[in-house]
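Below is query.cif, which holds mmCIF, C-alpha atoms.
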```
data_query
#
loop_
_atom_site.label_atom_id
_atom_site.label_comp_id
_atom_site.auth_asym_id
_atom_site.auth_seq_id
_atom_site.Cartn_x
_atom_site.Cartn_y
_atom_site.Cartn_z
CA MET A 1 35.84 12.17 5.26
CA HIS A 2 33.99 12.67 8.55
CA VAL A 3 30.88 14.83 8.75
CA ARG A 4 30.75 17.26 11.66
CA PHE A 5 27.64 17.72 13.78
CA GLU A 6 27.60 21.43 12.91
CA GLU A 7 27.34 20.57 9.21
CA VAL A 8 24.09 18.62 9.65
CA ASP A 9 20.77 20.46 9.45
CA VAL A 10 17.22 19.33 10.18
CA GLY A 11 15.61 18.53 6.84
CA HIS A 12 18.92 17.36 5.38
CA ASP A 13 18.31 14.44 2.98
CA LEU A 14 20.31 11.29 3.60
CA HIS A 15 22.19 9.40 0.94
CA THR A 16 19.73 7.51 -1.31
CA LEU A 17 20.23 3.88 -2.29
CA SER A 18 18.50 2.60 -5.42
CA LEU A 19 18.58 -1.17 -5.56
CA THR A 20 17.12 -4.30 -7.05
CA LEU A 21 18.19 -7.34 -5.06
CA SER A 22 18.54 -10.67 -6.81
CA GLY A 23 17.26 -13.90 -5.32
CA GLU A 24 20.86 -15.09 -4.97
CA GLN A 25 21.84 -11.95 -3.04
CA VAL A 26 18.95 -12.47 -0.64
CA LYS A 27 19.84 -16.14 -0.15
CA ALA A 28 23.51 -15.25 0.46
CA TYR A 29 22.50 -12.69 3.10
CA ALA A 30 20.13 -15.15 4.81
CA VAL A 31 22.92 -17.74 5.02
CA ALA A 32 25.47 -15.21 6.33
CA ALA A 33 22.93 -13.89 8.84
CA ARG A 34 22.06 -17.44 9.94
CA MET A 35 18.41 -17.10 8.94
CA PRO A 36 17.52 -20.57 7.72
CA GLY A 37 13.88 -19.86 6.79
CA ALA A 38 12.88 -21.44 3.49
CA ARG A 39 11.04 -18.23 2.56
CA PHE A 40 14.42 -16.49 2.13
CA MET A 41 15.95 -19.18 -0.08
CA SER A 42 13.93 -19.35 -3.31
CA ASP A 43 10.53 -18.68 -4.87
CA ALA A 44 9.64 -22.38 -4.81
CA GLU A 45 10.46 -22.77 -1.12
CA ALA A 46 8.61 -19.57 -0.22
CA ARG A 47 5.52 -20.69 -2.16
CA ALA A 48 5.55 -23.96 -0.24
CA GLU A 49 5.11 -21.78 2.86
CA GLY A 50 2.13 -20.00 1.30
CA LEU A 51 3.96 -16.84 0.29
CA PRO A 52 3.80 -15.34 -3.21
CA GLY A 53 7.57 -15.78 -3.63
CA GLN A 54 10.98 -15.40 -2.01
CA ILE A 55 11.15 -12.50 0.45
CA VAL A 56 13.91 -10.25 1.74
CA PRO A 57 14.52 -10.78 5.48
CA GLY A 58 13.55 -7.82 7.64
CA ASN A 59 17.07 -7.91 9.04
CA MET A 60 18.44 -7.19 5.58
CA SER A 61 16.28 -4.06 5.43
CA LEU A 62 17.80 -3.02 8.76
CA ALA A 63 21.25 -3.51 7.28
CA LEU A 64 20.28 -1.29 4.32
CA PHE A 65 19.09 1.41 6.74
CA SER A 66 22.40 1.15 8.57
CA ARG A 67 24.24 1.44 5.23
CA VAL A 68 22.37 4.65 4.40
CA ILE A 69 23.36 6.09 7.78
CA ALA A 70 27.01 5.04 7.35
CA GLU A 71 27.20 6.56 3.86
CA SER A 72 25.45 9.77 4.97
CA PHE A 73 27.50 10.32 8.14
CA PRO A 74 30.96 8.77 7.78
CA GLY A 75 32.72 8.54 11.13
CA ALA A 76 29.55 8.88 13.20
CA THR A 77 28.21 6.05 15.37
CA LEU A 78 24.82 4.41 15.00
CA LYS A 79 23.28 4.25 18.49
CA LYS A 80 19.70 3.17 17.78
CA LEU A 81 17.92 1.72 14.78
CA SER A 82 14.24 0.82 14.49
CA ALA A 83 12.26 -0.65 11.64
CA THR A 84 8.61 -1.46 11.07
CA PHE A 85 8.00 -4.09 8.43
CA ARG A 86 4.86 -2.91 6.66
CA GLY A 87 4.94 -5.00 3.51
CA LEU A 88 6.79 -7.89 1.93
CA VAL A 89 9.97 -6.98 0.06
CA HIS A 90 10.69 -9.34 -2.82
CA PRO A 91 13.89 -9.74 -4.83
CA GLY A 92 13.73 -8.61 -8.46
CA ARG A 93 11.67 -5.51 -7.67
CA PRO A 94 13.37 -2.12 -7.68
CA PHE A 95 13.24 -0.02 -4.53
CA VAL A 96 14.89 2.99 -2.95
CA VAL A 97 16.09 3.56 0.59
CA HIS A 98 16.23 7.15 1.71
CA GLY A 99 15.78 9.34 4.74
CA VAL A 100 15.84 12.75 6.29
CA VAL A 101 17.23 14.40 9.43
CA THR A 102 14.34 15.19 11.77
CA GLU A 103 16.09 16.48 14.92
CA LYS A 104 19.50 17.31 16.29
CA HIS A 105 20.47 17.98 19.87
CA ARG A 106 23.43 18.25 22.18
CA THR A 107 23.19 16.02 25.25
CA ASP A 108 25.41 14.85 28.08
CA HIS A 109 25.87 11.69 26.02
CA GLY A 110 27.13 13.51 22.96
CA ASP A 111 25.83 15.24 19.88
CA LEU A 112 22.87 13.30 18.51
CA VAL A 113 21.03 13.39 15.19
CA GLU A 114 17.63 11.72 14.70
CA CYS A 115 16.57 10.50 11.27
CA ASP A 116 13.52 9.00 9.59
CA LEU A 117 14.16 6.21 7.09
CA VAL A 118 12.04 4.61 4.37
CA LEU A 119 12.44 1.66 2.04
CA GLU A 120 9.87 2.03 -0.72
CA SER A 121 9.03 0.66 -4.12
CA SER A 122 9.51 2.72 -7.24
CA GLU A 123 5.72 3.24 -7.11
CA GLY A 124 5.98 4.76 -3.65
CA ASP A 125 4.70 1.81 -1.59
CA ARG A 126 6.36 2.07 1.81
CA TRP A 127 7.51 -1.47 2.58
CA VAL A 128 9.72 -0.62 5.58
CA THR A 129 9.84 2.52 7.69
CA GLY A 130 12.26 3.31 10.47
CA THR A 131 14.18 5.72 12.61
CA ALA A 132 17.81 6.07 13.62
CA THR A 133 19.77 7.89 16.28
CA VAL A 134 23.33 8.78 15.30
CA GLN A 135 26.02 9.99 17.67
CA PHE A 136 28.72 12.34 16.49
CA ARG A 137 32.22 12.55 17.90
CA PRO A 138 32.41 14.45 21.16
CA ARG A 139 33.46 18.04 20.84
CA THR A 140 37.13 18.67 21.65
CA MET B 1 -10.01 -10.78 20.32
CA ALA B 2 -9.12 -10.31 23.94
CA VAL B 3 -5.77 -11.68 24.91
CA ASP B 4 -6.19 -13.13 28.35
CA PHE B 5 -3.00 -14.52 29.83
CA ASP B 6 -0.95 -14.92 32.96
CA ARG B 7 1.13 -11.76 33.12
CA SER B 8 3.88 -13.54 35.00
CA ILE B 9 5.18 -14.53 31.57
CA ILE B 10 6.33 -10.92 31.10
CA GLY B 11 10.01 -10.75 31.96
CA SER B 12 10.46 -14.51 31.87
CA GLU B 13 13.70 -15.75 30.31
CA PHE B 14 13.35 -18.30 27.52
CA ASP B 15 16.87 -18.48 26.12
CA HIS B 16 20.44 -17.98 27.30
CA THR B 17 23.12 -18.73 24.74
CA VAL B 18 26.88 -18.23 24.78
CA PHE B 19 28.22 -18.14 21.24
CA ALA B 20 31.54 -19.29 19.83
CA PRO B 21 34.10 -16.50 19.38
CA VAL B 22 33.30 -14.10 16.53
CA THR B 23 35.49 -14.82 13.51
CA LYS B 24 36.88 -12.46 10.92
CA GLU B 25 35.30 -14.65 8.22
CA ALA B 26 31.82 -14.19 9.72
CA ILE B 27 32.25 -10.41 9.86
CA VAL B 28 33.59 -10.16 6.31
CA GLU B 29 30.83 -12.41 4.94
CA TYR B 30 28.09 -10.52 6.78
CA ALA B 31 29.38 -7.16 5.50
CA ARG B 32 29.78 -8.49 1.96
CA THR B 33 26.29 -9.94 1.71
CA SER B 34 24.46 -7.11 3.49
CA GLY B 35 26.32 -4.26 1.81
CA GLU B 36 26.57 -2.66 5.24
CA PRO B 37 30.04 -1.18 5.66
CA ALA B 38 32.22 -2.47 8.50
CA PRO B 39 34.54 0.06 10.16
CA ASN B 40 37.46 -2.35 9.46
CA ASP B 41 38.18 -6.07 9.01
CA VAL B 42 38.09 -6.81 12.73
CA THR B 43 34.98 -4.81 13.70
CA ALA B 44 31.50 -5.92 12.66
CA PRO B 45 28.89 -3.66 11.05
CA PRO B 46 26.24 -2.64 13.61
CA THR B 47 23.48 -5.02 12.50
CA PHE B 48 25.79 -8.05 12.77
CA VAL B 49 24.10 -8.63 16.14
CA VAL B 50 20.88 -9.81 14.42
CA ARG B 51 22.90 -12.85 13.36
CA LEU B 52 22.89 -14.13 16.93
CA ARG B 53 20.26 -16.85 17.04
CA GLY B 54 19.98 -18.58 20.36
CA HIS B 55 18.92 -22.16 20.97
CA ARG B 56 15.28 -21.07 21.26
CA TRP B 57 13.96 -18.14 19.27
CA MET B 58 10.38 -18.25 20.60
CA PRO B 59 9.19 -18.94 24.14
CA GLU B 60 7.32 -22.19 24.65
CA ASN B 61 4.84 -20.72 27.13
CA LEU B 62 3.16 -18.05 24.98
CA PRO B 63 -0.60 -17.73 25.47
CA LYS B 64 -2.47 -20.13 23.16
CA ASN B 65 -5.11 -17.58 22.15
CA LEU B 66 -2.84 -15.11 20.35
CA GLY B 67 -3.98 -16.08 16.88
CA ARG B 68 -2.30 -17.46 13.80
CA ALA B 69 1.48 -17.90 13.81
CA GLY B 70 3.32 -14.65 14.19
CA PHE B 71 5.51 -12.85 11.72
CA ASP B 72 8.24 -10.32 12.20
CA ALA B 73 6.55 -6.91 12.45
CA GLY B 74 9.60 -4.88 13.36
CA LYS B 75 12.75 -4.49 15.35
CA ASP B 76 14.34 -1.88 17.61
CA ILE B 77 18.06 -2.12 18.34
CA GLU B 78 20.08 -0.07 20.79
CA PHE B 79 23.78 -0.49 20.12
CA GLY B 80 26.54 -0.47 22.72
CA ALA B 81 30.11 -1.72 22.44
CA PRO B 82 31.09 -2.73 18.91
CA VAL B 83 31.52 -6.43 18.08
CA ARG B 84 35.12 -7.39 17.31
CA VAL B 85 36.91 -10.52 16.15
CA GLY B 86 37.41 -12.89 19.09
CA ASP B 87 34.51 -11.53 21.13
CA VAL B 88 32.52 -14.15 23.01
CA LEU B 89 28.93 -12.92 22.98
CA THR B 90 26.12 -13.94 25.28
CA ALA B 91 22.47 -13.41 24.38
CA VAL B 92 19.71 -13.59 26.98
CA SER B 93 16.13 -13.43 25.66
CA THR B 94 13.00 -12.60 27.61
CA VAL B 95 9.33 -11.93 26.91
CA HIS B 96 9.31 -8.15 27.19
CA ASP B 97 5.67 -7.33 26.46
CA ILE B 98 2.39 -8.64 25.07
CA TYR B 99 -0.34 -6.27 23.94
CA GLU B 100 -3.28 -5.94 21.59
CA LYS B 101 -3.97 -3.40 18.89
CA THR B 102 -6.96 -2.87 16.64
CA GLY B 103 -6.33 -1.73 13.10
CA ARG B 104 -8.31 -1.41 9.88
CA THR B 105 -8.17 -5.16 9.32
CA GLY B 106 -9.17 -6.17 12.84
CA SER B 107 -7.40 -6.87 16.08
CA MET B 108 -3.88 -8.16 16.39
CA ALA B 109 -1.71 -9.30 19.24
CA PHE B 110 1.94 -8.30 19.52
CA VAL B 111 4.65 -10.10 21.43
CA VAL B 112 7.88 -8.20 22.05
CA LEU B 113 10.90 -10.43 22.63
CA ARG B 114 13.90 -8.65 24.13
CA THR B 115 17.44 -9.95 23.69
CA LEU B 116 20.30 -8.49 25.71
CA VAL B 117 23.70 -9.07 24.16
CA THR B 118 26.89 -8.71 26.20
CA ASN B 119 30.52 -9.54 25.51
CA GLN B 120 33.20 -11.35 27.54
CA ARG B 121 33.99 -8.08 29.37
CA ASP B 122 30.34 -7.82 30.45
CA GLU B 123 29.95 -4.76 28.25
CA HIS B 124 26.51 -4.06 26.85
CA VAL B 125 26.65 -4.79 23.10
CA ALA B 126 23.01 -4.48 22.08
CA ILE B 127 19.41 -4.57 23.22
CA ILE B 128 17.25 -6.04 20.48
CA ASP B 129 13.46 -5.82 20.69
CA GLN B 130 11.76 -8.02 18.14
CA LYS B 131 8.06 -7.44 17.61
CA MET B 132 6.05 -10.48 16.49
CA MET B 133 2.50 -10.00 15.23
CA PHE B 134 -0.31 -12.58 15.62
CA ARG B 135 -3.79 -12.30 14.14
#
```
Full structure transcribed into structure tokens:
Amino acid sequence: MHVRFEEVDVGHDLHTLSLTLSGEQVKAYAVAARMPGARFMSDAEARAEGLPGQIVPGNMSLALFSRVIAESFPGATLKKLSATFRGLVHPGRPFVVHGVVTEKHRTDHGDLVECDLVLESSEGDRWVTGTATVQFRPRT
Amino acid sequence: MAVDFDRSIIGSEFDHTVFAPVTKEAIVEYARTSGEPAPNDVTAPPTFVVRLRGHRWMPENLPKNLGRAGFDAGKDIEFGAPVRVGDVLTAVSTVHDIYEKTGRTGSMAFVVLRTLVTNQRDEHVAIIDQKMMFR
């Protein structure tokens, strides 16, 4: 079911994802996303690169942000997505991805909603922060 | 750390890659492994564009005094036309910016690499700004 621009308010919480990614899930994403870095493949390979263990690619965090937008605003179009990678995300550690609507405006390019996004640990460490601009269907 | 470099590097192109046509299998596999919903089986989820890795992912002529090897500090993507099965995508990458910043842990240099993605109809598909941090 599509969400209408008029139904979205500033301060509206986005759909929340609670996840714990496995090492295999991370490896499968890295292969599908053509990211051959050893650090994404296993703990042993990541340690050989001097990291504490296998890490989740930043691009996978972007995909999770996009998923939150898609599940929060079915039928709307993602126009911009930004992410700042503030800390390493490791498989096997629980985290949540959530967000909030910060602005909405009508423009010549359509009805736009701005959102803040966060991927954080269950202890509240903000590993990835971001923003998104979402375009709603033109008024008829 | 003062990053002293020839500013003519800004705007210089370091990669131009034309990719093989997008397949349904690549879209389905990307959506399955990322969990990011695709609008349908023939249209890719938005972040599919990060999958486009050109022949060269870093310029060879970066200043030598940036610091220790960079890591991915963030990404900004502006989306245009959706990617569909059969699309032939072209990615052109340039050095968009180089700047310094001082934080709590000292000074860092940032290199912003911009990739413009277009399709076979010359439609704008995405502008991807990747921020690499050196310290």
With a cut-off of 12 Å, could you pull out the residues of chain A touching chain B and give me the nearest pair of atoms for each, distance in Å to one decimal, using all atoms listed in the file, ordered by chain and ascending number, as CSV?
```
residue,atom,partner,partner_atom,distance
A:Leu17,CA,B:Gly35,CA,11.0
A:Leu19,CA,B:Gly35,CA,11.1
A:Leu21,CA,B:Ser34,CA,10.6
A:Ser22,CA,B:Thr33,CA,11.5
A:Glu24,CA,B:Thr33,CA,10.0
A:Gln25,CA,B:Thr33,CA,6.8
A:Val26,CA,B:Thr33,CA,8.1
A:Lys27,CA,B:Thr33,CA,9.1
A:Ala28,CA,B:Thr33,CA,6.1
A:Tyr29,CA,B:Thr33,CA,4.9
A:Ala30,CA,B:Thr33,CA,8.6
A:Val31,CA,B:Tyr30,CA,9.1
A:Ala32,CA,B:Tyr30,CA,5.4
A:Ala33,CA,B:Arg51,CA,4.6
A:Arg34,CA,B:Arg51,CA,5.8
A:Met35,CA,B:Arg51,CA,7.6
A:Pro36,CA,B:Arg53,CA,10.4
A:Gly37,CA,B:Phe71,CA,12.0
A:Arg39,CA,B:Phe71,CA,12.0
A:Val56,CA,B:Ser34,CA,11.1
A:Pro57,CA,B:Asp72,CA,9.2
A:Gly58,CA,B:Asp72,CA,7.4
A:Asn59,CA,B:Val50,CA,6.9
A:Met60,CA,B:Ser34,CA,6.4
A:Ser61,CA,B:Ser34,CA,8.9
A:Leu62,CA,B:Thr47,CA,7.1
A:Ala63,CA,B:Glu36,CA,5.8
A:Leu64,CA,B:Glu36,CA,6.5
A:Phe65,CA,B:Glu36,CA,8.6
A:Ser66,CA,B:Glu36,CA,6.6
A:Arg67,CA,B:Glu36,CA,4.7
A:Val68,CA,B:Glu36,CA,8.5
A:Ile69,CA,B:Glu36,CA,9.7
A:Ala70,CA,B:Pro37,CA,7.1
A:Glu71,CA,B:Pro37,CA,8.4
A:Ser72,CA,B:Pro37,CA,11.9
A:Pro74,CA,B:Pro39,CA,9.7
A:Gly75,CA,B:Pro39,CA,8.7
A:Ala76,CA,B:Pro39,CA,10.6
A:Thr77,CA,B:Pro46,CA,9.1
A:Leu78,CA,B:Phe79,CA,7.2
A:Lys79,CA,B:Phe79,CA,5.0
A:Lys80,CA,B:Glu78,CA,4.4
A:Leu81,CA,B:Ile77,CA,5.2
A:Ser82,CA,B:Asp76,CA,4.1
A:Ala83,CA,B:Gly74,CA,5.3
A:Thr84,CA,B:Gly74,CA,4.2
A:Phe85,CA,B:Ala73,CA,5.1
A:Arg86,CA,B:Ala73,CA,7.2
A:Gly87,CA,B:Ala73,CA,9.3
A:Leu88,CA,B:Ala73,CA,10.6
A:Trp127,CA,B:Ala73,CA,11.3
A:Val128,CA,B:Gly74,CA,8.9
A:Thr129,CA,B:Gly74,CA,9.3
A:Gly130,CA,B:Asp76,CA,9.1
A:Thr131,CA,B:Asp76,CA,9.1
A:Ala132,CA,B:Ile77,CA,9.5
A:Thr133,CA,B:Glu78,CA,9.2
A:Val134,CA,B:Phe79,CA,10.5
A:Gln135,CA,B:Phe79,CA,11.0
```
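When the PyMOL selection byres ((chain B and resi 98-111) around 6) is evaluated on the file shown here, the picked residues come out as Asp97, Val112, Lys131, Met132, Met133, Phe134 and Arg135 of chain B.
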Within 12 Å of Asn119 (chain B), counting all atoms listed in the file, which residues show up once you throw out same-chain ones fewer than 6 positions away? Write them as an mmCIF file with C-alpha atoms, in the frame of the given file, please.
```
data_model
loop_
_atom_site.group_PDB
_atom_site.id
_atom_site.type_symbol
_atom_site.label_atom_id
_atom_site.label_comp_id
_atom_site.auth_asym_id
_atom_site.auth_seq_id
_atom_site.Cartn_x
_atom_site.Cartn_y
_atom_site.Cartn_z
ATOM 1 C CA THR B 17 23.120 -18.730 24.740
ATOM 2 C CA VAL B 18 26.880 -18.230 24.780
ATOM 3 C CA PHE B 19 28.220 -18.140 21.240
ATOM 4 C CA ALA B 20 31.540 -19.290 19.830
ATOM 5 C CA PRO B 21 34.100 -16.500 19.380
ATOM 6 C CA VAL B 22 33.300 -14.100 16.530
ATOM 7 C CA VAL B 49 24.100 -8.630 16.140
ATOM 8 C CA GLY B 80 26.540 -0.470 22.720
ATOM 9 C CA ALA B 81 30.110 -1.720 22.440
ATOM 10 C CA PRO B 82 31.090 -2.730 18.910
ATOM 11 C CA VAL B 83 31.520 -6.430 18.080
ATOM 12 C CA ARG B 84 35.120 -7.390 17.310
ATOM 13 C CA VAL B 85 36.910 -10.520 16.150
ATOM 14 C CA GLY B 86 37.410 -12.890 19.090
ATOM 15 C CA ASP B 87 34.510 -11.530 21.130
ATOM 16 C CA VAL B 88 32.520 -14.150 23.010
ATOM 17 C CA LEU B 89 28.930 -12.920 22.980
ATOM 18 C CA THR B 90 26.120 -13.940 25.280
ATOM 19 C CA ALA B 91 22.470 -13.410 24.380
ATOM 20 C CA VAL B 92 19.710 -13.590 26.980
ATOM 21 C CA VAL B 125 26.650 -4.790 23.100
ATOM 22 C CA ALA B 126 23.010 -4.480 22.080
#
```
Can you tell me, as a ChimeraX atom specification, what residues are no more than 12 Å from Arg106 (chain A) when counting only C-alpha atoms, ignoring any on the same chain fewer than 4 positions away? /A:5-6,110-114,134-139
So which one's closest to Ser121 (chain A), A:Val101, A:Ala38, A:Leu51, A:Val89? Using only C-alpha atoms, please. A:Val89
Non-local contacts of Pro63 (chain B) (12 Å; all atoms listed in the file; under 2 positions in same chain excluded) as number ranges by chain: B: 2-10, 59-61, 65-69, 95, 98-99, 109-111, 134
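For the pair CA of Asp116 (chain A) and CA of Glu7 (chain A), the interatomic distance is 18.0 Å.
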To one decimal in Å, tell me the separation between CA of Thr115 (chain B) and CA of His109 (chain A).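 CA of His109 (chain A) lies at a distance of 23.3 Å from CA of Thr115 (chain B).
For the atom pair formed by CA of Arg126 (chain A) and CA of Gly99 (chain A), the distance is 12.3 Å, given to one decimal.
Against this structure, the PyMOL selection byres ((chain B and resi 57) around 9) ends up with B:Phe14, B:Asp15, B:Arg53, B:Gly54, B:His55, B:Arg56, B:Met58, B:Pro59, B:Ser93, B:Leu113.
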Find, counting only C-alpha atoms, the residue in A:Gly50, A:Thr16, A:Asp9, A:Val96 that gets nearest to Glu120 (chain A). A:Val96
I'd like the contact shell of Glu123 (chain A) - 12 Å cut-off, all atoms listed in the file, skipping same-chain residues fewer than 5 positions apart - returned as a JSON list (two decimals) with C-alpha atoms, keeping the file's coordinate frame.
```json
[["chain", "number", "residue", "atom", "x", "y", "z"],
["A", 93, "ARG", "CA", 11.67, -5.51, -7.67],
["A", 94, "PRO", "CA", 13.37, -2.12, -7.68],
["A", 95, "PHE", "CA", 13.24, -0.02, -4.53],
["A", 96, "VAL", "CA", 14.89, 2.99, -2.95]]
```
Quick one: residues within 8 Å of Ala44 (chain A), all atoms listed in the file counted, chain neighbours fewer than 2 positions away excluded, as an MDAnalysis selection string? chainID A and resid 42 46:48 53:54
